[in-house]
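Source file: structure_20.txt. Holds: compact mmCIF, C-alpha atoms.
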# COMPACT_ATOMS: atom_id res chain seq x y z
CA MET A 1 -53.28 -12.90 86.43
CA ARG A 2 -53.11 -16.27 84.64
CA PRO A 3 -49.49 -17.10 83.67
CA PHE A 4 -48.49 -17.62 80.07
CA THR A 5 -47.07 -21.08 79.35
CA GLY A 6 -45.67 -20.71 75.81
CA ASN A 7 -42.00 -21.02 74.85
CA PHE A 8 -40.35 -17.88 73.47
CA THR A 9 -37.57 -19.84 71.70
CA GLN A 10 -39.73 -22.55 70.10
CA GLN A 11 -39.98 -22.18 66.34
CA GLU A 12 -42.50 -23.85 64.06
CA PRO A 13 -41.38 -27.22 62.67
CA ILE A 14 -39.65 -27.33 59.31
CA GLY A 15 -42.24 -28.22 56.68
CA ASP A 16 -42.55 -31.67 55.15
CA ASP A 17 -41.51 -30.36 51.72
CA ALA A 18 -38.29 -28.91 53.14
CA ILE A 19 -37.61 -32.10 55.10
CA ALA A 20 -38.10 -34.18 51.94
CA ALA A 21 -35.73 -31.90 50.00
CA ALA A 22 -33.12 -32.21 52.77
CA VAL A 23 -33.45 -36.00 52.81
CA ASP A 24 -32.90 -36.11 49.04
CA VAL A 25 -29.65 -34.18 49.48
CA LEU A 26 -28.54 -36.48 52.28
CA LYS A 27 -29.34 -39.59 50.25
CA GLY A 28 -27.41 -38.21 47.30
CA GLY A 29 -24.39 -37.44 49.45
CA ARG A 30 -23.61 -34.23 47.51
CA LEU A 31 -23.73 -31.69 50.32
CA HIS A 32 -21.03 -29.35 49.04
CA ARG A 33 -22.47 -26.72 46.72
CA TYR A 34 -20.03 -27.49 43.90
CA ASN A 35 -20.29 -31.28 44.17
CA THR A 36 -22.81 -31.86 41.37
CA ALA A 37 -23.44 -34.61 38.87
CA SER A 38 -23.24 -33.85 35.16
CA GLY A 39 -26.09 -31.57 34.17
CA GLU A 40 -27.23 -31.08 37.78
CA VAL A 41 -27.85 -27.66 39.34
CA SER A 42 -27.05 -27.56 43.05
CA GLN A 43 -29.60 -26.65 45.69
CA ALA A 44 -27.42 -23.66 46.67
CA ALA A 45 -27.52 -22.32 43.12
CA LEU A 46 -31.29 -22.88 42.94
CA LEU A 47 -31.72 -21.03 46.25
CA GLU A 48 -29.79 -18.06 44.85
CA ALA A 49 -32.07 -17.92 41.82
CA ASP A 50 -35.20 -18.30 43.97
CA TYR A 51 -34.25 -15.61 46.45
CA ALA A 52 -33.10 -13.18 43.75
CA ALA A 53 -36.55 -13.54 42.19
CA TYR A 54 -38.27 -12.97 45.55
CA GLN A 55 -36.13 -9.95 46.35
CA GLY A 56 -36.41 -8.52 42.83
CA VAL A 57 -32.66 -8.24 42.23
CA GLU A 58 -30.20 -9.43 39.62
CA TYR A 59 -27.65 -11.19 41.84
CA CYS A 60 -27.69 -13.32 44.96
CA LEU A 61 -25.08 -15.25 46.95
CA ALA A 62 -25.83 -17.94 49.54
CA CYS A 63 -23.45 -17.69 52.51
CA ALA A 64 -22.62 -19.46 55.75
CA SER A 65 -24.17 -16.74 57.94
CA GLY A 66 -25.63 -13.26 57.91
CA GLY A 67 -22.53 -11.96 59.67
CA TYR A 68 -20.35 -13.44 56.95
CA ALA A 69 -22.54 -11.81 54.29
CA MET A 70 -21.95 -8.41 55.92
CA GLY A 71 -18.22 -8.98 56.21
CA ILE A 72 -17.64 -9.87 52.58
CA ALA A 73 -20.07 -7.17 51.45
CA LEU A 74 -17.83 -4.59 53.11
CA ARG A 75 -14.70 -6.09 51.55
CA ALA A 76 -16.29 -6.44 48.12
CA ALA A 77 -17.46 -2.83 48.33
CA GLY A 78 -13.87 -1.68 48.79
CA VAL A 79 -13.63 -0.92 52.50
CA THR A 80 -9.96 -0.51 53.41
CA GLN A 81 -7.93 -1.15 56.54
CA GLY A 82 -8.69 1.28 59.34
CA GLU A 83 -11.24 3.41 57.53
CA PRO A 84 -14.44 4.55 59.28
CA VAL A 85 -17.75 2.79 58.60
CA LEU A 86 -20.96 4.28 59.95
CA THR A 87 -23.54 2.13 61.72
CA ASN A 88 -26.33 2.34 64.29
CA ALA A 89 -25.43 2.67 67.96
CA PHE A 90 -28.36 0.31 68.64
CA THR A 91 -27.66 -2.99 66.98
CA LEU A 92 -26.39 -6.49 67.77
CA ALA A 93 -22.77 -7.58 68.07
CA PRO A 94 -22.38 -9.13 64.57
CA VAL A 95 -22.77 -5.70 62.93
CA PRO A 96 -19.80 -3.89 64.51
CA GLY A 97 -18.11 -7.29 64.44
CA ALA A 98 -18.41 -7.44 60.64
CA ILE A 99 -16.93 -3.94 60.35
CA ALA A 100 -14.03 -4.81 62.65
CA GLY A 101 -13.57 -8.12 60.86
CA ALA A 102 -13.16 -6.27 57.57
CA GLY A 103 -10.38 -4.25 59.21
CA ALA A 104 -12.43 -1.07 59.42
CA ARG A 105 -13.44 1.19 62.32
CA PRO A 106 -17.10 1.38 63.41
CA VAL A 107 -18.49 4.89 63.88
CA LEU A 108 -21.70 4.70 65.90
CA VAL A 109 -24.68 6.93 65.11
CA GLU A 110 -27.31 7.95 67.67
CA ILE A 111 -30.86 6.57 67.45
CA THR A 112 -34.32 7.98 68.05
CA ARG A 113 -36.97 6.62 70.41
CA ASP A 114 -38.53 4.96 67.36
CA LEU A 115 -35.33 2.84 67.24
CA THR A 116 -34.23 4.31 63.93
CA LEU A 117 -31.23 6.43 62.94
CA ASP A 118 -31.01 10.00 64.16
CA LEU A 119 -30.43 11.55 60.75
CA GLY A 120 -29.11 14.79 62.22
CA ASP A 121 -26.42 12.91 64.13
CA LEU A 122 -25.72 10.82 61.03
CA GLU A 123 -24.93 13.93 59.00
CA LYS A 124 -22.64 15.20 61.75
CA LYS A 125 -20.82 11.86 61.87
CA ILE A 126 -20.47 11.78 58.08
CA ARG A 127 -18.82 15.19 58.16
CA SER A 128 -16.60 14.53 61.17
CA SER A 129 -15.47 11.04 60.14
CA GLY A 130 -15.22 11.40 56.37
CA ALA A 131 -16.79 7.94 56.07
CA ARG A 132 -17.37 6.53 52.59
CA PHE A 133 -19.54 3.61 53.74
CA MET A 134 -22.52 2.93 55.95
CA LEU A 135 -23.62 -0.49 57.21
CA LEU A 136 -27.22 0.25 58.18
CA SER A 137 -28.67 -2.07 60.80
CA ASN A 138 -32.44 -2.36 60.44
CA MET A 139 -32.40 -3.38 64.07
CA ARG A 140 -35.39 -5.34 65.33
CA GLY A 141 -37.19 -4.62 62.06
CA HIS A 142 -37.46 -0.83 62.40
CA LEU A 143 -36.86 1.04 59.13
CA THR A 144 -35.46 4.56 59.07
CA ASP A 145 -37.08 6.99 56.60
CA MET A 146 -35.35 5.39 53.64
CA ASP A 147 -36.14 8.20 51.19
CA THR A 148 -34.48 10.82 53.39
CA LEU A 149 -31.62 8.51 54.36
CA THR A 150 -30.69 7.54 50.81
CA ALA A 151 -30.85 11.17 49.65
CA LEU A 152 -28.54 12.19 52.51
CA LEU A 153 -26.05 9.41 51.79
CA GLU A 154 -26.09 10.15 48.07
CA HIS A 155 -25.47 13.85 48.76
CA HIS A 156 -22.36 12.95 50.78
CA SER A 157 -21.23 10.13 48.42
CA VAL A 158 -21.62 7.47 51.12
CA THR A 159 -22.20 3.90 49.91
CA LEU A 160 -25.04 2.07 51.69
CA ILE A 161 -24.97 -1.60 52.66
CA GLU A 162 -28.09 -2.83 54.47
CA ASP A 163 -28.18 -5.34 57.29
CA CYS A 164 -31.64 -6.85 56.77
CA ALA A 165 -31.40 -9.72 59.25
CA HIS A 166 -34.59 -8.41 60.89
CA THR A 167 -36.28 -7.00 57.78
CA MET A 168 -36.42 -9.81 55.25
CA GLY A 169 -39.69 -9.12 53.41
CA SER A 170 -40.10 -5.59 54.82
CA THR A 171 -40.79 -2.67 52.51
CA TRP A 172 -40.57 1.11 52.49
CA SER A 173 -43.07 2.73 50.10
CA GLY A 174 -43.40 -0.66 48.40
CA ARG A 175 -39.65 -1.15 47.85
CA ARG A 176 -38.05 -4.13 49.54
CA SER A 177 -35.63 -3.65 52.40
CA GLY A 178 -32.18 -4.51 51.04
CA ASN A 179 -32.75 -2.79 47.70
CA PHE A 180 -31.88 0.78 48.70
CA GLY A 181 -28.10 0.65 48.45
CA LEU A 182 -25.25 -1.34 46.97
CA ALA A 183 -26.18 -4.55 48.78
CA GLY A 184 -28.58 -6.25 51.16
CA CYS A 185 -27.42 -8.77 53.77
CA PHE A 186 -29.88 -11.31 55.19
CA SER A 187 -29.76 -14.02 57.84
CA THR A 188 -31.39 -17.45 57.92
CA GLN A 189 -30.42 -18.17 61.52
CA THR A 190 -33.12 -19.96 63.52
CA TYR A 191 -34.71 -16.81 64.97
CA LYS A 192 -34.99 -15.05 61.59
CA HIS A 193 -37.68 -15.17 58.91
CA LEU A 194 -36.32 -18.20 57.09
CA ASN A 195 -34.83 -20.96 59.23
CA SER A 196 -31.83 -23.09 58.30
CA GLY A 197 -30.25 -23.01 61.76
CA GLU A 198 -27.49 -20.78 60.44
CA GLY A 199 -27.00 -19.14 57.07
CA GLY A 200 -26.89 -15.90 55.13
CA ILE A 201 -27.86 -14.33 51.82
CA LEU A 202 -26.24 -11.39 50.03
CA THR A 203 -28.04 -9.53 47.22
CA SER A 204 -27.12 -6.74 44.80
CA ASP A 205 -27.72 -5.34 41.33
CA ASP A 206 -24.03 -4.43 40.89
CA PRO A 207 -22.19 -7.08 38.81
CA GLN A 208 -18.64 -6.04 39.76
CA PHE A 209 -19.49 -6.02 43.45
CA MET A 210 -21.14 -9.43 43.27
CA ALA A 211 -18.29 -10.95 41.28
CA ARG A 212 -15.88 -9.95 44.05
CA ALA A 213 -18.26 -11.26 46.73
CA ILE A 214 -18.64 -14.64 45.00
CA VAL A 215 -14.89 -15.12 44.77
CA LEU A 216 -14.45 -13.97 48.37
CA SER A 217 -17.03 -16.56 49.45
CA GLY A 218 -14.73 -19.34 48.23
CA SER A 219 -16.00 -20.16 44.75
CA TYR A 220 -12.52 -21.12 43.49
CA MET A 221 -12.95 -20.98 39.70
CA LEU A 222 -16.49 -22.40 39.85
CA TYR A 223 -18.35 -19.08 39.83
CA GLU A 224 -20.37 -20.12 36.78
CA ARG A 225 -22.16 -22.66 39.00
CA HIS A 226 -23.98 -19.92 40.87
CA GLY A 227 -27.69 -19.44 40.30
CA ALA A 228 -27.78 -15.64 40.24
CA ALA A 229 -24.25 -14.53 39.33
CA PRO A 230 -22.97 -11.87 36.92
CA PRO A 231 -21.75 -12.94 33.45
CA SER A 232 -18.31 -14.58 33.34
CA GLN A 233 -16.51 -11.49 31.97
CA TYR A 234 -16.90 -9.77 35.33
CA PHE A 235 -14.70 -12.46 36.89
CA SER A 236 -11.76 -12.28 34.47
CA THR A 237 -9.62 -10.04 36.69
CA VAL A 238 -11.47 -10.42 40.00
CA ARG A 239 -10.83 -14.16 40.16
CA LEU A 240 -7.06 -13.64 40.26
CA GLU A 241 -6.82 -10.67 42.64
CA THR A 242 -9.46 -11.60 45.25
CA PRO A 243 -8.68 -13.83 48.28
CA ASN A 244 -10.72 -16.91 49.15
CA LEU A 245 -12.48 -16.37 52.49
CA SER A 246 -14.46 -19.60 52.45
CA GLY A 247 -17.99 -19.02 53.74
CA ARG A 248 -20.25 -20.84 51.32
CA MET A 249 -23.68 -22.22 52.11
CA ASP A 250 -24.03 -25.99 51.64
CA ASN A 251 -26.74 -27.81 49.70
CA LEU A 252 -28.42 -29.18 52.82
CA ARG A 253 -29.28 -25.77 54.24
CA ALA A 254 -30.23 -24.48 50.80
CA ALA A 255 -32.65 -27.39 50.34
CA ILE A 256 -34.29 -26.58 53.69
CA LEU A 257 -34.64 -22.90 52.77
CA ARG A 258 -36.03 -23.06 49.24
CA PRO A 259 -39.55 -24.28 50.12
CA GLN A 260 -39.77 -21.71 52.92
CA ILE A 261 -39.52 -18.79 50.48
CA THR A 262 -42.93 -19.59 49.03
CA GLY A 263 -44.56 -19.21 52.46
CA LEU A 264 -42.63 -16.12 53.56
CA ASP A 265 -45.24 -13.50 52.69
CA ALA A 266 -47.99 -15.50 54.40
CA ASN A 267 -45.81 -15.80 57.50
CA ILE A 268 -45.17 -12.05 57.45
CA ALA A 269 -48.93 -11.48 57.58
CA ARG A 270 -49.15 -13.86 60.54
CA TRP A 271 -46.29 -12.12 62.40
CA ASN A 272 -47.94 -8.76 61.83
CA GLU A 273 -51.26 -9.94 63.28
CA ARG A 274 -49.43 -10.94 66.44
CA TYR A 275 -47.43 -7.72 66.57
CA ARG A 276 -50.54 -5.58 66.23
CA ALA A 277 -52.27 -7.53 69.01
CA LEU A 278 -49.39 -6.71 71.37
CA GLU A 279 -49.30 -3.12 70.14
CA GLU A 280 -53.00 -2.64 70.87
CA GLN A 281 -52.63 -4.05 74.38
CA LEU A 282 -49.75 -1.76 75.36
CA ALA A 283 -50.79 1.39 73.50
CA GLN A 284 -52.86 2.55 76.50
CA THR A 285 -50.49 1.46 79.29
CA PRO A 286 -49.44 4.53 81.31
CA GLY A 287 -45.79 5.53 80.91
CA VAL A 288 -45.16 3.15 78.00
CA TYR A 289 -44.05 4.22 74.52
CA VAL A 290 -44.42 1.80 71.62
CA PRO A 291 -42.20 2.87 68.67
CA HIS A 292 -44.15 4.53 65.86
CA ARG A 293 -44.37 2.60 62.58
CA PRO A 294 -44.85 5.03 59.64
CA ASP A 295 -47.43 4.38 56.94
CA GLN A 296 -44.62 3.94 54.38
CA GLU A 297 -43.22 1.01 56.34
CA GLY A 298 -44.35 -2.49 55.45
CA ILE A 299 -43.33 -4.17 58.70
CA VAL A 300 -42.34 -7.71 59.61
CA GLY A 301 -43.39 -7.89 63.26
CA SER A 302 -41.34 -10.90 64.36
CA SER A 303 -40.29 -9.15 67.58
CA PHE A 304 -41.80 -6.47 69.80
CA GLN A 305 -40.23 -3.51 71.61
CA PHE A 306 -41.49 -0.91 74.03
CA LEU A 307 -39.88 1.90 76.00
CA PHE A 308 -40.47 2.80 79.62
CA PRO A 309 -38.62 6.12 79.84
CA GLY A 310 -37.14 7.06 83.19
CA VAL A 311 -37.15 3.56 84.65
CA SER A 312 -34.27 2.89 87.05
CA ALA A 313 -31.93 -0.06 86.56
CA GLN A 314 -33.31 -1.79 89.66
CA SER A 315 -36.91 -1.25 88.54
CA ALA A 316 -36.12 -2.50 85.03
CA GLN A 317 -34.68 -5.70 86.45
CA THR A 318 -37.73 -6.06 88.68
CA LEU A 319 -40.03 -5.67 85.66
CA VAL A 320 -38.12 -8.41 83.81
CA SER A 321 -38.44 -10.68 86.87
CA ASP A 322 -42.13 -9.89 87.38
CA ALA A 323 -42.92 -10.65 83.74
CA LEU A 324 -40.89 -13.87 83.85
CA SER A 325 -42.78 -15.04 86.94
CA LEU A 326 -45.89 -14.91 84.74
CA GLY A 327 -44.20 -16.69 81.84
CA VAL A 328 -43.18 -13.70 79.67
CA GLU A 329 -39.51 -13.48 78.64
CA LEU A 330 -38.41 -9.88 78.27
CA LYS A 331 -34.95 -8.69 77.28
CA TRP A 332 -33.71 -5.36 78.63
CA PHE A 333 -31.14 -3.36 76.68
CA GLY A 334 -30.08 -1.23 79.64
CA ALA A 335 -28.20 -3.99 81.45
CA GLU A 336 -24.64 -3.16 82.41
CA ARG A 337 -23.33 -6.47 81.09
CA PRO A 338 -24.33 -8.43 77.96
CA VAL A 339 -26.90 -11.17 78.47
CA GLY A 340 -27.30 -13.87 75.81
CA PHE A 341 -27.81 -12.20 72.42
CA THR A 342 -28.45 -8.80 74.02
CA SER A 343 -25.61 -6.30 74.32
CA ARG A 344 -24.94 -2.60 73.80
CA HIS A 345 -22.05 -0.50 72.58
CA GLN A 346 -20.22 -0.32 75.93
CA SER A 347 -19.82 -4.12 75.75
CA TRP A 348 -17.89 -4.00 72.47
CA GLN A 349 -14.54 -3.02 73.91
CA TYR A 350 -12.70 -3.46 70.61
CA LEU A 351 -14.41 -0.21 69.52
CA GLU A 352 -13.23 3.25 70.38
CA PRO A 353 -15.39 4.48 73.32
CA ALA A 354 -18.22 6.70 72.07
CA GLN A 355 -20.30 9.33 73.80
CA LEU A 356 -23.90 8.48 72.87
CA PRO A 357 -26.11 10.06 75.54
CA GLN A 358 -29.32 9.93 73.51
CA THR A 359 -28.91 6.25 72.66
CA ASP A 360 -27.92 5.38 76.22
CA GLU A 361 -31.03 7.07 77.59
CA ILE A 362 -33.24 5.16 75.14
CA LEU A 363 -31.59 1.78 75.81
CA ALA A 364 -31.93 2.30 79.57
CA GLY A 365 -35.70 1.99 79.18
CA LEU A 366 -35.92 -0.38 76.21
CA PHE A 367 -37.54 -3.82 76.50
CA ASP A 368 -37.72 -6.44 73.78
CA MET A 369 -39.17 -9.88 73.12
CA ARG A 370 -39.47 -12.40 70.34
CA ILE A 371 -42.79 -13.29 68.69
CA PRO A 372 -42.45 -16.87 67.43
CA LEU A 373 -45.16 -18.10 65.08
CA THR A 374 -45.85 -20.91 67.54
CA PHE A 375 -47.81 -18.21 69.44
CA SER A 376 -51.39 -17.50 68.41
CA VAL A 377 -52.93 -14.03 68.22
CA ALA A 378 -54.78 -14.89 71.44
CA ASP A 379 -51.44 -15.78 73.04
CA CYS A 380 -50.10 -12.36 72.10
CA ARG A 381 -53.14 -10.64 73.62
CA HIS A 382 -52.51 -12.67 76.77
CA ILE A 383 -48.83 -11.64 76.81
CA GLY A 384 -49.83 -8.01 76.30
CA ALA A 385 -52.30 -8.22 79.19
CA ILE A 386 -49.57 -9.66 81.44
CA LEU A 387 -47.18 -6.84 80.54
CA ASP A 388 -49.90 -4.24 81.08
CA HIS A 389 -50.67 -5.82 84.46
CA CYS A 390 -46.99 -5.82 85.53
CA LEU A 391 -46.43 -2.25 84.37
CA ARG A 392 -49.55 -0.91 86.08
CA ARG A 393 -49.00 -2.65 89.40
CA GLY A 394 -45.28 -1.94 89.71
CA SER A 395 -43.59 1.20 90.94
CA TYR A 396 -41.12 1.46 88.06
CA VAL A 397 -39.70 4.93 88.38
CA ALA A 398 -36.26 6.50 88.15

Any chance you could give the structure as structure tokens?
Amino acid sequence: MRPFTGNFTQQEPIGDDAIAAAVDVLKGGRLHRYNTASGEVSQAALLEADYAAYQGVEYCLACASGGYAMGIALRAAGVTQGEPVLTNAFTLAPVPGAIAGAGARPVLVEITRDLTLDLGDLEKKIRSSGARFMLLSNMRGHLTDMDTLTALLEHHSVTLIEDCAHTMGSTWSGRRSGNFGLAGCFSTQTYKHLNSGEGGILTSDDPQFMARAIVLSGSYMLYERHGAAPPSQYFSTVRLETPNLSGRMDNLRAAILRPQITGLDANIARWNERYRALEEQLAQTPGVYVPHRPDQEGIVGSSFQFLFPGVSAQSAQTLVSDALSLGVELKWFGAERPVGFTSRHQSWQYLEPAQLPQTDEILAGLFDMRIPLTFSVADCRHIGAILDHCLRRGSYVA
């Protein structure tokens, strides 16, 4: 089998238009979002207006990171000290971290083999915890049945906040991910769908919520300089009773991001071509399960996951090594200890220990990899062939 020689962490270069916009900011010296000349609108404010238009929402806030966006979303929503907040058992560390950072207590919900919420377990956890809030992690781009989920949460008066770090541009029945609850939280970290190195975006149609979030972000009394903010009357009381938790985005990152929005949908189509090529290659591999993507889901296939149920820990590690020897970088979610960005709920020891047998069984056989746009469709077919070869030749059993 011919090895693959691509780099799984190499992103496409930032476009010339974004570079030119960044250079203009640097030459002007006004990097802080509120440092503007008379009559000038900052790049951060323009980004907020641009992304609100793309997302189809009234309000948008540019933040320092996706994790920060989640943290202030919880606080702006009214989460109080020590109260339970529901979230997926399968997610990445910034999600329970945002809940803990807001002073709340994460309550983990089981997942299905399609890497979405187990809605039966969710209802049980709502009843047993009395939670008023859910921070939904659309982990690795997999959307739960959003119609059923939102109806369930509405029935139990649970407020939904969506972590859309992996679903920027995704849809469910034509409705954008992030628009199903009170707020959507997005990331512009390097491995996400827009790239500013680090950064976050918070969206909502609720003016009172967004007024609190803007003040929390560190707007001082300059909230009227935001590009997609509620009218000033919503700040009259909020501005005096809300703490400053400085986490603003600067003009340099905003300038880099704005031109990328116009190419986002085209890039989504490119990611999906690559995802489908991998999906086709592994769909017939014995013992492998590729998570089902419902017709209602408009995916953004920027990463790829498959399950090999029943694989032992030793065999899983061997599979990762075999694939790496042929140039394919797999991540395995069953590892006992966290590796790089990959961890699971047992690693987050600031949480109360949870019994999650269904999730643990799924994670024990779950493999994951990035799909950078520096890979061609042919590259992805090659990667799929390597994985199929490794899986067929190995003796990966429990």

Exercise for review: Work out how far atom CA of A:Arg274 is from atom CA of A:Asp368, in Å to one decimal.
Suggested key: 14.5 Å

Point to revise | Selection: 12 Å around A:Thr237, only C-alpha atoms, excl. self and same-chain fewer than 3 positions, as a list in words | key: Gln208, Ala211, Arg212, Val215, Met221, Ser232, Gln233, Tyr234, Leu240, Glu241 and Thr242 of chain A

Practice item. Within 8 Å of (-29.2, 11.0, 57.6) (coordinates as in the file), grab all the protein and nucleic acid residues, counting all atoms listed in the file, and write them out as a list in words. Key: Leu117, Asp118, Leu119, Gly120, Asp121, Leu122, Glu123, Thr148, Leu149, Thr150, Leu152 and Leu153 of chain A

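Computed from the coordinates, the atom CA of A:Ser177 to atom CA of A:Gly384 distance equals 28.1 Å.
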
Point to revise | Top pick for closest residue to A:Ala62, considering A:Gly263, A:Gly78, A:Pro243, A:Gly218 and counting all atoms listed in the file | key: A:Gly218

**Study point:** Radius query 7 Å about (-23.5, -7.6, 49.7), atoms used: all atoms listed in the file, as a ChimeraX atom specification
**Key:** /A:69-70,72-73,161,183-185,202-204

What's around A:Ser302 at 7 Å? Count all atoms listed in the file, leave out sequence neighbours fewer than 2 positions away in its own chain, and write the answer as an mmCIF file with C-alpha atoms, in the coordinates of the input.
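Final file, part.cif:
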data_model
loop_
_atom_site.group_PDB
_atom_site.id
_atom_site.type_symbol
_atom_site.label_atom_id
_atom_site.label_comp_id
_atom_site.auth_asym_id
_atom_site.auth_seq_id
_atom_site.Cartn_x
_atom_site.Cartn_y
_atom_site.Cartn_z
ATOM 1 C CA TRP A 271 -46.290 -12.120 62.400
ATOM 2 C CA VAL A 300 -42.340 -7.710 59.610
ATOM 3 C CA ARG A 370 -39.470 -12.400 70.340
ATOM 4 C CA ILE A 371 -42.790 -13.290 68.690
ATOM 5 C CA PRO A 372 -42.450 -16.870 67.430
#
